[in-house]
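**Q** This one is structure_7.cif, mmCIF, C-alpha atoms.
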data_upload
loop_
_atom_site.label_atom_id
_atom_site.label_comp_id
_atom_site.auth_asym_id
_atom_site.auth_seq_id
_atom_site.Cartn_x
_atom_site.Cartn_y
_atom_site.Cartn_z
CA MET A 210 13.24 13.66 15.09
CA ARG A 211 13.51 16.11 12.20
CA ILE A 212 14.56 14.37 9.00
CA ALA A 213 15.73 16.13 5.84
CA ILE A 214 16.15 14.19 2.60
CA LEU A 215 18.27 16.20 0.16
CA LEU A 216 17.24 15.94 -3.47
CA PHE A 217 19.11 17.30 -6.48
CA PRO A 218 18.26 17.09 -10.19
CA GLY A 219 18.91 13.51 -11.29
CA TYR A 220 18.45 11.70 -7.97
CA THR A 221 17.48 8.05 -8.10
CA ALA A 222 13.99 7.83 -6.59
CA THR A 223 14.40 4.61 -4.62
CA ASP A 224 17.54 6.00 -2.91
CA ALA A 225 15.28 8.60 -1.34
CA ILE A 226 11.96 6.75 -1.05
CA GLY A 227 13.39 3.69 0.75
CA PRO A 228 14.54 5.64 3.83
CA TYR A 229 11.46 7.90 3.58
CA GLU A 230 9.10 4.91 3.64
CA VAL A 231 10.71 3.38 6.71
CA LEU A 232 11.71 6.43 8.76
CA SER A 233 8.48 8.37 8.16
CA ARG A 234 6.98 5.76 10.49
CA LEU A 235 9.12 6.85 13.47
CA PRO A 236 7.09 8.22 16.37
CA GLN A 237 6.77 12.03 16.38
CA VAL A 238 8.81 12.38 13.23
CA GLN A 239 8.94 15.36 10.91
CA LEU A 240 10.28 14.65 7.45
CA GLN A 241 11.00 17.01 4.58
CA PHE A 242 12.33 16.62 1.07
CA VAL A 243 14.64 19.59 0.55
CA ALA A 244 16.69 20.99 -2.31
CA GLN A 245 19.00 23.85 -3.11
CA GLN A 246 16.44 24.98 -5.71
CA PRO A 247 13.08 24.41 -3.98
CA GLY A 248 10.02 23.34 -5.95
CA LEU A 249 9.74 20.34 -8.23
CA VAL A 250 12.93 18.33 -8.54
CA ARG A 251 13.21 15.79 -11.33
CA SER A 252 14.63 12.29 -10.96
CA ASP A 253 17.27 10.57 -13.09
CA THR A 254 14.73 9.00 -15.46
CA GLY A 255 13.01 12.34 -16.09
CA PHE A 256 9.58 10.83 -15.32
CA LEU A 257 9.19 11.76 -11.65
CA GLN A 258 9.04 15.12 -9.91
CA ILE A 259 8.99 15.48 -6.13
CA GLU A 260 8.14 18.77 -4.42
CA CYS A 261 11.00 20.05 -2.25
CA ALA A 262 11.26 22.72 0.41
CA ALA A 263 14.23 25.07 0.58
CA LEU A 264 17.29 23.94 2.51
CA PRO A 265 16.39 24.26 6.21
CA PRO A 266 18.65 25.97 8.74
CA ALA A 267 21.57 23.76 9.63
CA ASP A 268 20.45 23.36 13.24
CA ALA A 269 16.97 22.16 12.22
CA VAL A 270 18.02 18.71 10.99
CA ASP A 271 18.47 15.73 13.28
CA ILE A 272 18.80 13.12 10.54
CA LEU A 273 20.34 14.15 7.23
CA ILE A 274 19.76 11.72 4.37
CA VAL A 275 21.59 12.12 1.07
CA PRO A 276 20.48 9.87 -1.80
CA GLY A 277 22.51 9.36 -4.95
CA GLY A 278 21.98 9.07 -8.64
CA PRO A 279 23.90 8.78 -11.89
CA ASN A 280 24.45 12.55 -11.76
CA ALA A 281 25.70 12.58 -8.19
CA HIS A 282 28.98 14.01 -9.49
CA LEU A 283 27.19 17.25 -10.45
CA PRO A 284 26.30 18.51 -6.95
CA LEU A 285 29.92 17.84 -6.02
CA GLN A 286 30.71 21.11 -7.79
CA GLU A 287 28.24 23.06 -5.67
CA ALA A 288 30.31 24.73 -2.96
CA THR A 289 27.20 26.17 -1.26
CA LEU A 290 25.59 22.77 -1.04
CA LEU A 291 28.71 21.09 0.31
CA ASP A 292 28.97 23.86 2.86
CA TRP A 293 25.36 23.26 3.92
CA LEU A 294 26.11 19.56 4.30
CA ARG A 295 29.06 20.36 6.58
CA GLN A 296 26.98 22.74 8.69
CA VAL A 297 24.09 20.31 9.04
CA ASP A 298 26.52 17.57 9.97
CA ARG A 299 27.83 19.68 12.84
CA ASN A 300 24.40 19.44 14.50
CA SER A 301 23.03 16.18 13.16
CA VAL A 302 22.35 13.11 15.27
CA TRP A 303 22.74 10.92 12.19
CA THR A 304 24.35 11.69 8.83
CA VAL A 305 23.17 9.16 6.28
CA SER A 306 23.67 8.40 2.61
CA VAL A 307 22.31 5.92 0.09
CA CYS A 308 24.14 4.85 -3.05
CA THR A 309 26.36 7.56 -4.57
CA GLY A 310 25.03 10.01 -1.98
CA ALA A 311 28.14 8.89 -0.10
CA LEU A 312 30.23 10.74 -2.70
CA LEU A 313 28.54 14.00 -1.66
CA LEU A 314 29.28 13.30 1.98
CA GLY A 315 32.83 12.46 0.93
CA ALA A 316 33.23 15.63 -1.11
CA ALA A 317 32.05 17.61 1.91
CA GLY A 318 34.87 16.01 3.86
CA LEU A 319 32.57 14.10 6.19
CA LEU A 320 33.81 10.56 5.52
CA SER A 321 37.52 11.13 6.01
CA GLY A 322 38.95 8.26 8.05
CA ARG A 323 35.56 6.55 8.26
CA ARG A 324 34.28 3.20 7.12
CA ALA A 325 31.64 3.71 4.43
CA THR A 326 29.93 2.13 1.46
CA THR A 327 28.30 3.28 -1.78
CA TYR A 328 27.05 1.92 -5.12
CA TRP A 329 28.97 -1.24 -6.06
CA ASP A 330 30.56 0.31 -9.12
CA ASP A 331 31.77 3.39 -7.23
CA LEU A 332 33.38 1.89 -4.15
CA ALA A 333 36.88 2.86 -5.25
CA LEU A 334 35.85 6.52 -5.51
CA LEU A 335 35.32 6.66 -1.74
CA SER A 336 39.04 6.25 -1.15
CA ALA A 337 39.67 9.58 -2.87
CA TYR A 338 37.80 11.21 0.02
CA GLY A 339 39.87 9.42 2.63
CA ALA A 340 37.16 6.88 3.47
CA ASN A 341 37.61 3.16 3.99
CA PRO A 342 35.30 1.57 1.40
CA LEU A 343 33.49 -1.54 2.61
CA ASP A 344 31.56 -3.80 0.27
CA GLN A 345 28.56 -4.22 2.60
CA ARG A 346 24.81 -3.57 2.38
CA TYR A 347 25.20 -0.73 4.90
CA VAL A 348 27.94 0.51 7.18
CA PHE A 349 27.66 2.16 10.60
CA ASP A 350 30.59 4.29 11.76
CA GLY A 351 29.63 6.44 14.72
CA LYS A 352 26.78 8.67 13.63
CA TYR A 353 27.63 8.08 9.97
CA LEU A 354 25.55 5.49 8.17
CA THR A 355 26.06 4.75 4.50
CA ALA A 356 24.07 2.31 2.38
CA ALA A 357 25.02 0.50 -0.81
CA GLY A 358 23.16 1.04 -4.08
CA VAL A 359 19.55 2.11 -4.61
CA SER A 360 17.45 -0.59 -2.91
CA ALA A 361 19.87 -0.89 0.04
CA GLY A 362 18.17 2.13 1.58
CA TYR A 363 15.30 -0.07 2.80
CA ASP A 364 17.63 -2.45 4.66
CA MET A 365 19.70 0.43 6.05
CA ALA A 366 16.67 2.40 7.20
CA LEU A 367 15.20 -0.59 9.02
CA ALA A 368 18.52 -1.00 10.85
CA LEU A 369 18.48 2.70 11.75
CA PHE A 370 14.84 2.48 12.85
CA GLU A 371 15.89 -0.31 15.23
CA ARG A 372 18.58 1.91 16.78
CA LEU A 373 16.12 4.80 17.15
CA ALA A 374 12.97 3.02 18.25
CA GLY A 375 13.82 -0.55 19.16
CA THR A 376 13.69 -3.95 17.59
CA THR A 377 9.96 -4.56 17.95
CA GLY A 378 9.17 -1.23 16.31
CA ALA A 379 11.51 -1.92 13.40
CA MET A 380 10.05 -5.39 12.93
CA ALA A 381 6.56 -3.89 12.91
CA VAL A 382 7.56 -1.53 10.11
CA GLN A 383 9.10 -4.36 8.11
CA LEU A 384 5.85 -6.32 8.41
CA ALA A 385 3.71 -3.24 7.66
CA LEU A 386 5.71 -2.74 4.45
CA ALA A 387 5.37 -6.45 3.62
CA TYR A 388 9.14 -6.41 3.22
CA ASP A 389 9.62 -10.10 2.54
CA PRO A 390 11.54 -9.70 -0.69
CA GLN A 391 11.40 -12.41 -3.33
CA PRO A 392 13.55 -11.09 -6.17
CA PRO A 393 12.98 -13.14 -9.32
CA PHE A 394 16.73 -13.52 -9.92
CA ASP A 395 19.78 -13.99 -7.73
CA CYS A 396 21.87 -11.34 -9.44
CA GLY A 397 21.49 -8.18 -7.36
CA SER A 398 25.18 -7.80 -6.58
CA PRO A 399 28.22 -8.04 -8.87
CA HIS A 400 29.38 -11.04 -6.82
CA LYS A 401 26.25 -12.97 -7.76
CA ALA A 402 25.63 -11.79 -11.33
CA PRO A 403 27.35 -13.40 -14.32
CA PRO A 404 30.50 -11.43 -15.29
CA ALA A 405 29.09 -10.59 -18.74
CA LEU A 406 26.03 -9.04 -17.09
CA VAL A 407 28.20 -7.01 -14.72
CA ALA A 408 30.20 -5.72 -17.69
CA ALA A 409 27.01 -4.83 -19.59
CA VAL A 410 25.48 -2.94 -16.65
CA ARG A 411 28.77 -1.11 -16.08
CA ALA A 412 28.76 0.03 -19.69
CA GLN A 413 25.16 1.27 -19.34
CA LEU A 414 26.05 3.16 -16.16
CA VAL A 415 28.91 4.92 -17.91
CA ALA A 416 26.62 5.77 -20.84
CA ARG A 417 24.05 7.34 -18.52
CA THR A 418 26.40 9.62 -16.60
CA MET B 294 5.22 1.31 -24.03
CA ARG B 295 3.18 4.07 -22.41
CA ILE B 296 2.88 3.57 -18.66
CA ALA B 297 0.48 5.45 -16.39
CA ILE B 298 0.81 5.20 -12.61
CA LEU B 299 -2.40 6.38 -10.97
CA LEU B 300 -1.94 8.33 -7.75
CA PHE B 301 -4.66 9.45 -5.35
CA PRO B 302 -4.40 11.34 -2.05
CA GLY B 303 -2.99 8.91 0.52
CA TYR B 304 -1.09 6.54 -1.77
CA THR B 305 1.79 4.60 -0.27
CA ALA B 306 4.92 5.85 -2.03
CA THR B 307 6.74 2.54 -2.40
CA ASP B 308 3.69 0.96 -4.06
CA ALA B 309 4.20 3.45 -6.88
CA ILE B 310 7.96 3.95 -6.84
CA GLY B 311 8.87 0.24 -6.98
CA PRO B 312 7.25 -0.35 -10.38
CA TYR B 313 8.36 3.12 -11.54
CA GLU B 314 11.99 2.37 -10.69
CA VAL B 315 12.03 -0.91 -12.58
CA LEU B 316 9.75 -0.21 -15.54
CA SER B 317 11.12 3.26 -16.28
CA ARG B 318 14.17 1.33 -17.50
CA LEU B 319 12.27 -0.39 -20.32
CA PRO B 320 13.48 0.54 -23.79
CA GLN B 321 11.53 3.40 -25.44
CA VAL B 322 9.26 3.77 -22.44
CA GLN B 323 7.08 6.74 -21.60
CA LEU B 324 5.93 6.91 -18.01
CA GLN B 325 3.58 9.35 -16.30
CA PHE B 326 2.24 9.76 -12.79
CA VAL B 327 -1.41 10.71 -13.26
CA ALA B 328 -4.28 11.67 -10.97
CA GLN B 329 -7.91 12.67 -11.13
CA GLN B 330 -6.88 16.01 -9.62
CA PRO B 331 -3.62 16.85 -11.41
CA GLY B 332 -0.83 18.73 -9.65
CA LEU B 333 0.81 17.75 -6.39
CA VAL B 334 -0.61 14.62 -4.81
CA ARG B 335 0.24 13.84 -1.20
CA SER B 336 1.19 10.42 0.12
CA ASP B 337 -0.22 8.56 3.13
CA THR B 338 2.39 9.94 5.54
CA GLY B 339 1.74 13.53 4.46
CA PHE B 340 5.46 14.15 3.92
CA LEU B 341 5.75 13.49 0.19
CA GLN B 342 4.17 15.20 -2.79
CA ILE B 343 4.54 13.90 -6.34
CA GLU B 344 3.55 15.98 -9.38
CA CYS B 345 0.83 14.31 -11.44
CA ALA B 346 -0.55 14.93 -14.90
CA ALA B 347 -4.29 14.76 -15.60
CA LEU B 348 -5.79 11.38 -16.45
CA PRO B 349 -4.73 10.61 -20.02
CA PRO B 350 -7.18 9.41 -22.70
CA ALA B 351 -8.10 5.79 -22.14
CA ASP B 352 -6.44 4.67 -25.38
CA ALA B 353 -3.11 6.27 -24.46
CA VAL B 354 -2.12 3.78 -21.77
CA ASP B 355 -0.42 0.47 -22.51
CA ILE B 356 0.44 -0.40 -18.92
CA LEU B 357 -1.86 0.82 -16.16
CA ILE B 358 -0.40 0.65 -12.66
CA VAL B 359 -2.57 1.23 -9.61
CA PRO B 360 -0.77 1.50 -6.26
CA GLY B 361 -2.55 1.28 -2.92
CA GLY B 362 -2.48 2.93 0.43
CA PRO B 363 -4.30 2.95 3.74
CA ASN B 364 -6.92 5.21 2.13
CA ALA B 365 -7.44 3.01 -0.91
CA HIS B 366 -11.08 2.66 0.13
CA LEU B 367 -11.67 6.36 -0.62
CA PRO B 368 -11.18 6.32 -4.41
CA LEU B 369 -13.57 3.35 -4.44
CA GLN B 370 -16.36 5.91 -4.09
CA GLU B 371 -15.22 7.82 -7.18
CA ALA B 372 -17.47 6.66 -10.00
CA THR B 373 -15.57 8.77 -12.55
CA LEU B 374 -12.27 7.23 -11.58
CA LEU B 375 -13.60 3.67 -11.65
CA ASP B 376 -15.05 4.40 -15.07
CA TRP B 377 -11.66 5.65 -16.28
CA LEU B 378 -10.06 2.45 -14.97
CA ARG B 379 -12.56 0.35 -16.92
CA GLN B 380 -11.99 2.34 -20.10
CA VAL B 381 -8.20 2.17 -19.81
CA ASP B 382 -8.41 -1.54 -19.16
CA ARG B 383 -10.28 -2.04 -22.44
CA ASN B 384 -7.15 -0.91 -24.31
CA SER B 385 -4.35 -1.82 -21.94
CA VAL B 386 -1.73 -4.44 -22.65
CA TRP B 387 -1.20 -4.91 -18.91
CA THR B 388 -3.42 -3.91 -16.00
CA VAL B 389 -1.37 -3.94 -12.82
CA SER B 390 -1.86 -3.22 -9.14
CA VAL B 391 0.32 -3.11 -6.05
CA CYS B 392 -0.96 -3.61 -2.52
CA THR B 393 -4.54 -2.36 -1.96
CA GLY B 394 -4.53 -0.96 -5.49
CA ALA B 395 -6.11 -4.34 -6.27
CA LEU B 396 -9.22 -3.17 -4.41
CA LEU B 397 -9.62 -0.34 -6.94
CA LEU B 398 -9.29 -2.79 -9.83
CA GLY B 399 -11.79 -5.00 -8.02
CA ALA B 400 -14.26 -2.17 -7.46
CA ALA B 401 -14.01 -1.34 -11.16
CA GLY B 402 -15.08 -4.93 -11.83
CA LEU B 403 -11.78 -5.89 -13.45
CA LEU B 404 -10.84 -8.81 -11.21
CA SER B 405 -14.06 -10.78 -11.36
CA GLY B 406 -13.25 -14.47 -11.78
CA ARG B 407 -9.52 -13.78 -11.75
CA ARG B 408 -6.70 -14.91 -9.50
CA ALA B 409 -5.25 -11.89 -7.69
CA THR B 410 -3.38 -10.76 -4.60
CA THR B 411 -3.21 -7.66 -2.42
CA TYR B 412 -1.89 -6.48 0.96
CA TRP B 413 -1.73 -9.43 3.40
CA ASP B 414 -4.34 -7.98 5.74
CA ASP B 415 -6.84 -7.31 2.93
CA LEU B 416 -6.82 -10.58 1.01
CA ALA B 417 -10.35 -11.49 2.11
CA LEU B 418 -11.68 -8.22 0.67
CA LEU B 419 -10.80 -9.38 -2.84
CA SER B 420 -13.47 -12.08 -2.68
CA ALA B 421 -16.15 -9.40 -2.43
CA TYR B 422 -15.17 -8.39 -5.97
CA GLY B 423 -15.42 -11.93 -7.28
CA ALA B 424 -11.66 -12.47 -7.37
CA ASN B 425 -9.79 -15.56 -6.21
CA PRO B 426 -7.39 -14.24 -3.56
CA LEU B 427 -3.95 -15.88 -3.59
CA ASP B 428 -1.41 -15.36 -0.84
CA GLN B 429 1.56 -14.88 -3.17
CA ARG B 430 4.14 -12.17 -3.79
CA TYR B 431 2.53 -11.44 -7.18
CA VAL B 432 -0.04 -13.14 -9.34
CA PHE B 433 -0.28 -13.24 -13.15
CA ASP B 434 -3.71 -13.94 -14.66
CA GLY B 435 -3.77 -13.11 -18.35
CA LYS B 436 -2.93 -9.43 -18.71
CA TYR B 437 -3.79 -8.83 -15.04
CA LEU B 438 -0.88 -8.67 -12.65
CA THR B 439 -1.39 -7.95 -8.97
CA ALA B 440 1.33 -7.61 -6.35
CA ALA B 441 1.17 -8.09 -2.59
CA GLY B 442 1.88 -5.27 -0.14
CA VAL B 443 4.07 -2.21 -0.65
CA SER B 444 7.58 -3.58 -1.33
CA ALA B 445 6.22 -6.44 -3.51
CA GLY B 446 6.06 -3.97 -6.39
CA TYR B 447 9.80 -4.36 -6.96
CA ASP B 448 9.56 -8.15 -7.32
CA MET B 449 6.45 -7.91 -9.48
CA ALA B 450 7.89 -5.26 -11.76
CA LEU B 451 11.07 -7.26 -12.37
CA ALA B 452 8.91 -10.24 -13.35
CA LEU B 453 6.91 -8.00 -15.71
CA PHE B 454 10.12 -6.51 -17.13
CA GLU B 455 11.24 -10.05 -17.95
CA ARG B 456 8.01 -10.71 -19.88
CA LEU B 457 8.37 -7.43 -21.78
CA ALA B 458 12.08 -7.29 -22.48
CA GLY B 459 13.60 -10.66 -21.67
CA THR B 460 15.46 -12.31 -18.84
CA THR B 461 18.85 -10.71 -19.45
CA GLY B 462 17.32 -7.24 -19.49
CA ALA B 463 15.43 -7.87 -16.26
CA MET B 464 18.54 -9.24 -14.58
CA ALA B 465 20.47 -6.16 -15.70
CA VAL B 466 17.89 -3.92 -14.02
CA GLN B 467 18.02 -5.96 -10.83
CA LEU B 468 21.81 -5.56 -10.75
CA ALA B 469 21.63 -1.86 -11.67
CA LEU B 470 19.28 -1.32 -8.71
CA ALA B 471 21.58 -3.37 -6.46
CA TYR B 472 18.49 -5.36 -5.59
CA ASP B 473 20.15 -7.93 -3.37
CA PRO B 474 17.91 -7.44 -0.36
CA GLN B 475 19.23 -8.14 3.11
CA PRO B 476 16.32 -7.30 5.42
CA PRO B 477 17.52 -7.07 9.02
CA PHE B 478 14.64 -9.26 10.26
CA ASP B 479 12.79 -12.28 8.93
CA CYS B 480 9.34 -10.95 9.66
CA GLY B 481 8.11 -9.37 6.42
CA SER B 482 5.04 -11.58 6.08
CA PRO B 483 2.42 -12.58 8.66
CA HIS B 484 3.54 -16.20 8.23
CA LYS B 485 7.02 -15.33 9.44
CA ALA B 486 6.33 -12.65 12.06
CA PRO B 487 5.46 -13.53 15.67
CA PRO B 488 1.65 -13.57 16.16
CA ALA B 489 1.79 -10.73 18.70
CA LEU B 490 3.57 -8.55 16.14
CA VAL B 491 1.00 -9.39 13.48
CA ALA B 492 -1.78 -8.39 15.89
CA ALA B 493 -0.01 -5.13 16.77
CA VAL B 494 0.53 -4.15 13.14
CA ARG B 495 -3.08 -5.04 12.31
CA ALA B 496 -4.24 -2.71 15.10
CA GLN B 497 -2.02 0.10 13.73
CA LEU B 498 -3.37 -0.41 10.23
CA VAL B 499 -6.92 -0.11 11.45
CA ALA B 500 -6.00 3.03 13.39
CA ARG B 501 -4.53 4.65 10.26
CA THR B 502 -7.43 4.06 7.91
#
Just give me the structure as structure tokens.

**A**
Amino acid sequence: MRIAILLFPGYTATDAIGPYEVLSRLPQVQLQFVAQQPGLVRSDTGFLQIECAALPPADAVDILIVPGGPNAHLPLQEATLLDWLRQVDRNSVWTVSVCTGALLLGAAGLLSGRRATTYWDDLALLSAYGANPLDQRYVFDGKYLTAAGVSAGYDMALALFERLAGTTGAMAVQLALAYDPQPPFDCGSPHKAPPALVAAVRAQLVART
Amino acid sequence: MRIAILLFPGYTATDAIGPYEVLSRLPQVQLQFVAQQPGLVRSDTGFLQIECAALPPADAVDILIVPGGPNAHLPLQEATLLDWLRQVDRNSVWTVSVCTGALLLGAAGLLSGRRATTYWDDLALLSAYGANPLDQRYVFDGKYLTAAGVSAGYDMALALFERLAGTTGAMAVQLALAYDPQPPFDCGSPHKAPPALVAAVRAQLVART
């Protein structure tokens, strides 16, 4: 399995690192971080730089993973990048997004008529690309697999690992990563958080983009 | 708050990225990935390289974060690095580890007589450094904060965020990161996983180190 994780300036690190951490443990896997401008690519906070290879040939990617970020609307303007996404998708075994990475897949026309999810505050935007937004942690539709916001990439990638390498293997990875989450609060989705908190976080999100 | 996350060749990415993702959202924060050999530092899987600055002066770090990895025993030999850890700790407001990063703190003599935790398969090793190993998701002991394996850094960092910037702020970060985990299996700790799976993962861990 050849995995390419597409980074762009302003990606959210966990969107990319969650699937990386899980899927890099597949047997015989090759995994690359890739970008339209190869070299160091800086995350949304400005504090992290990950080294990226150039975009590989479209037929050299079995699993395409597109993370998101508060600037995920910027790559939407990049016709060359959207074209690369479409070409890779023609050959991919799985086409995957985390968070607002789904908007890139949508802009490339890959989610039309499909069930998909994205960051909780951006679900409505998926409809503009002809997708059926679902408010779920992750959504399988054929070879398309979309995860909800940021940390959902861990859950999604474990589910994908199970499809690729079986339940025992996926469980082994979950144990190896000590993925027995104990979040200190029960507020990780807008359905659980107090409405005032949801409003405050929404306002921050708008301020950041 | 000036945060330094210490990387070394063979770090586990999530150990570092979990605390980064949460704590980079503190108000007026400065955060650096640093390493004894600055430049690109490669993770345990070999597939990820993060750009690191040189080790900063010991009095320029308020929060020291030490991730782990299957090779965390290697930096234990580095007298210069252990000395830097001791010097930073003299000035730090918080000294923090994730996963086997606790073994580095231990080797630097910083956990002697303290309650601490680490990766589930390495808890016994903490005793060799005079620490009191606790099988918990994260352990506070004064300014020392140690997290269990890999993914525990998210839970730990949210708890630290709460201490630094209040409950509402920490809850806002948890919601912003959509941290409402839904792991596909209930096997993320050795107490929950079937014994045969625990044995298999233990064997893999030994094979990797």

**Q** Excluding same-chain residues fewer than 2 positions from Ala452 in chain B, what lies within 10 Å of it counting all atoms listed in the file, as a PyMOL selection string?

**A** (chain A and resi 392-394) or (chain B and resi 315+431+433+438+446-450+454-457+459-460+463-464)

**Q** May I have the residues of chain B within 8 Å of chain A, counting only C-alpha atoms, written as an MDAnalysis selection string?

**A** chainID B and resid 306:307 310:311 314 317:318 323:326 333 338 340:344 412:413 430 441:445 447:448 451:452 461 464:465 467:483 486 490:491 493:494

**Q** When the PyMOL selection byres ((chain B and resi 329) around 10) is applied to the structure above, which residues does it catch, written out as a PyMOL selection string?

**A** chain B and resi 299-302+327-328+330-332+334+345-349+368+371+373-374+377

**Q** Please write the residues picked by the PyMOL selection byres ((chain B and resi 401) around 7) on this file as a ChimeraX atom specification.

**A** /B:375,378-379,397-400,402-403

**Q** Using the chain letters and numbers from this file, what does the PyMOL selection byres ((chain B and resi 422-427) around 7) select? Give the answer as an NGL selection string.

**A** :B and (399-400 or 402 or 404-410 or 416-417 or 419-421 or 428-429)

**Q** Figure out the distance between CA of Ala356 in chain A and CA of Val302 in chain A, please, to one decimal in Å.

**A** 16.9 Å

**Q** Quick one: pull the distance between CA of Val305 in chain A and CA of Ala225 in chain A, Å, one decimal.

**A**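 Separation of CA of Val305 in chain A and CA of Ala225 in chain A: 11.0 Å.
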
**Q** Just the number, please: distance in Å from CA of Asn364 in chain B to CA of Pro228 in chain A, one decimal.

**A**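 Spanning CA of Asn364 in chain B to CA of Pro228 in chain A is a straight-line distance of 21.5 Å.
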
**Q** Give me the box for range 369-378 of chain A as lines of an AutoDock Vina configuration file, namely the centre and edge lengths in Å to one decimal of a box along x, y and z that holds every listed atom plus 5 Å on each side.

**A**
center_x = 13.9
center_y = 0.1
center_z = 15.5
size_x = 19.4
size_y = 19.4
size_z = 17.4

**Q** Keeping C-alpha atoms (and nothing else), can you write range 263-278 of chain A of this structure as a tab-separated table (two decimals), in the first residue's frame?

**A**
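This went into decode08.tsv:
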chain	number	residue	atom	x	y	z
A	263	ALA	CA	6.68	16.66	-4.41
A	264	LEU	CA	3.30	15.43	-5.59
A	265	PRO	CA	3.84	11.85	-6.80
A	266	PRO	CA	2.55	10.58	-10.14
A	267	ALA	CA	-1.17	9.99	-10.00
A	268	ASP	CA	-0.81	6.24	-10.49
A	269	ALA	CA	1.60	5.90	-7.55
A	270	VAL	CA	-0.95	6.44	-4.78
A	271	ASP	CA	-3.15	3.67	-3.40
A	272	ILE	CA	-4.50	5.62	-0.44
A	273	LEU	CA	-4.90	9.37	-0.77
A	274	ILE	CA	-5.38	11.23	2.51
A	275	VAL	CA	-6.37	14.89	2.56
A	276	PRO	CA	-6.30	16.65	5.94
A	277	GLY	CA	-7.95	19.99	6.57
A	278	GLY	CA	-7.26	23.18	8.40
